[in-house]
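The next block holds one structure in the form of structure tokens; read it before the comments.
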Amino acid sequence: PSHADVCAYLRDYTARFGLGPHIRLATRVVRAKFNRARKEWTVSSVDTQEVHSAEKFEAVVVCNGHYSHPKDSSNIPGLSSFTGSVIHSHNYRTPEPFKSVHRAVILGAGNSGVDISLELAQSFPSSEFLLSHRGCKRAPPTSSSGFMRLPNLFERPAVASIRGPATIEFEGGSIAEDVDAIILCTGYEYAFPFLSPETGDVDTPRIEVKENVVQGLYMHVFHAETPSLSFVGLPWKVVPFPLCHFQTQWIS
């Protein structure tokens with residue numbers, strides 16, 4: 001299913017089970033602080049109207065998963081010299097902002113890269129879209145094959161460098177000129193800024209990530225030293241919705 005189908009499913013699920021009244025939107029958690037003596041969490045948040053609040057809880061369940069903090073892409077050679085539009089797939093919502101694009105390069109052929117490439121190519125048949133990924137070893141002379149057989153969607157090798165305001169060089173030496181948009185579908189990193197203990201705070205657990213694995217968790221869910229802190233949706237290469245469903249059942 002496309003990202004639109006997934007979004008529609010989540011909205012229907014929320015309505016079907018009456019979850020709306022229990023969800024607070026447009027609110028950012030600033031900090032979650034644990035008091036070990038009281039076995040109590042203080043969660044501080046702020047909404048879009050800059051209204052701050054602090055609430056007490058017996059437990060905290062972290063559900064930001066691994067699709068909230070895009071990987072740093074500044075190491076792509078020459079990226080700063082590109083003058084066109086650059087966004088991460090995290091910020092992609094609809095194809096409309098790309099309707100005037102002549103040629104766009106999509107970096108990464110994971111779920112997001114393929115999904116976005118297909119939607120853009122189908123939405124704007126007069127534009128050209130290049131799906132750049134490491135699985136492609138050379139630049140094919142014709143359009144992509146298989147399920148991506150569209151006349152304006154082409155596979156390209158991984159990006160080697162960006163050469164100036166609108167030129168991209170791929171591994172193997174092929175070149176794309178007059179590129180006016182880059183979409184980075186380059187993945188995400190784990191990030192829990194609201195769980196960063198302040199100076200002198202010895203109760204709130206420090207969450208460490210090593211080699212893209214969250215440390216100190218039992219079965220990737222419960223914090224081993226502070227089991228009132230748990231996480232949902234951390235593992236990769238899974239079927240996400242069933243996984244999250246069973247994890248939340250276990251936590252509750």
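Ordered as shown in the structure tokens, chains take letters A, B, and onward, while each chain numbers its residues from 1 and ligands are numbered from 1 in the order shown.
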
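Omitting Asn75 of chain A and its sequence neighbours fewer than 4 positions away, and counting only C-alpha atoms, the residues within 12 Å are Lys71, Leu79, Ser80, Val159, Ala160, Ser161, Ile162 and Thr186 of chain A.
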
Expected file: the selected residues, C-alpha atoms, as a short mmCIF file (atom, residue, chain, number, x, y, z; two decimals), in the first residue's frame:
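And here's selection.cif as it stands now:
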data_model
loop_
_atom_site.label_atom_id
_atom_site.label_comp_id
_atom_site.auth_asym_id
_atom_site.auth_seq_id
_atom_site.Cartn_x
_atom_site.Cartn_y
_atom_site.Cartn_z
CA LYS A 71 20.03 10.49 9.04
CA LEU A 79 25.51 18.69 -1.50
CA SER A 80 25.98 22.24 -0.24
CA VAL A 159 25.33 9.21 -6.06
CA ALA A 160 29.09 9.74 -6.18
CA SER A 161 29.03 13.53 -5.91
CA ILE A 162 27.07 16.65 -6.69
CA THR A 186 18.34 7.72 3.16
#

Could you find all residues in segment 18-173 of chain A that DSSP calls helix (DSSP H, G or I) from the backbone, and write them as a VMD selection string?
chain A and resid 20 to 22 79 to 81 89 to 91 96 to 98 111 to 123 146 to 148

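Distance annotation: of A:Ile207, A:Cys136, A:Val101, A:Ile76, the residue with the minimal separation from Thr226 of chain A is A:Ile207; atom set is only C-alpha atoms.
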
Backbone-only DSSP, strand (DSSP E) members of segment 98-240 of chain A, as a VMD selection string:
chain A and resid 103 to 107 128 to 132 153 to 156 159 to 162 168 to 170 175 to 176 181 to 184 209 to 210 213 to 214 217 to 218 222 to 223 229 to 231

Residues of segment 51-112 of chain A at most 10 Å from segment 170-181 of chain A: nearest atom pair and distance in Å, only C-alpha atoms, as a tab-separated table:
residue	atom	partner	partner_atom	distance
A:Phe82	CA	A:Asp180	CA	8.6
A:Thr83	CA	A:Asp180	CA	7.6
A:Gly84	CA	A:Asp180	CA	4.6
A:Ser85	CA	A:Ala181	CA	4.6
A:Val86	CA	A:Ala181	CA	5.9
A:Ile87	CA	A:Ala181	CA	8.3
A:Phe98	CA	A:Ala181	CA	8.1
A:Ser100	CA	A:Asp180	CA	9.5
A:Val101	CA	A:Asp180	CA	6.4
A:His102	CA	A:Asp180	CA	6.7
A:Arg103	CA	A:Val179	CA	5.0
A:Ala104	CA	A:Ala181	CA	4.7
A:Val105	CA	A:Ala181	CA	6.4
A:Ile106	CA	A:Ala181	CA	8.5

What does the file look like for those residues with C-alpha atoms, as a CSV table (one decimal), in the first residue's frame?
chain,number,residue,atom,x,y,z
A,82,PHE,CA,23.2,22.2,-5.1
A,83,THR,CA,20.8,25.1,-5.6
A,84,GLY,CA,17.6,23.2,-6.2
A,85,SER,CA,15.1,21.8,-3.6
A,86,VAL,CA,16.5,19.3,-1.1
A,87,ILE,CA,14.1,17.5,1.3
A,98,PHE,CA,7.1,18.8,-7.4
A,100,SER,CA,7.0,22.1,-11.9
A,101,VAL,CA,10.1,19.9,-11.5
A,102,HIS,CA,12.0,19.1,-14.7
A,103,ARG,CA,14.2,16.3,-13.3
A,104,ALA,CA,14.4,15.0,-9.8
A,105,VAL,CA,16.7,12.5,-8.1
A,106,ILE,CA,15.4,10.2,-5.4

List the spatial neighbours of Lys237 of chain A as a ChimeraX atom specification - criterion: any atom at most 12 Å away, only C-alpha atoms, same-chain residues fewer than 4 positions off excluded.
/A:66,110-111,233,243

Selection: 10 Å around Ile116 of chain A, only C-alpha atoms, excl. self and same-chain fewer than 5 positions, as a list in words:
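Final neighbour list, sorted by chain and number: Ser2, His3, Ser89, Tyr92, Arg93, Thr94, Pro95, Ile106, Ala109, Asn111, Ala121, Gln122, Leu131, Ile183 and Cys185 of chain A.
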
Can you pull out every residue within 10 Å of segment 11-26 of chain A, counting only C-alpha atoms, but drop anything in the same chain fewer than 6 positions away, and send it as a ChimeraX atom specification?
/A:5,46-49

Nearest candidate to Arg163 of chain A (options A:Pro77, A:Pro197, A:Pro205, A:Pro235; using only C-alpha atoms)
A:Pro77
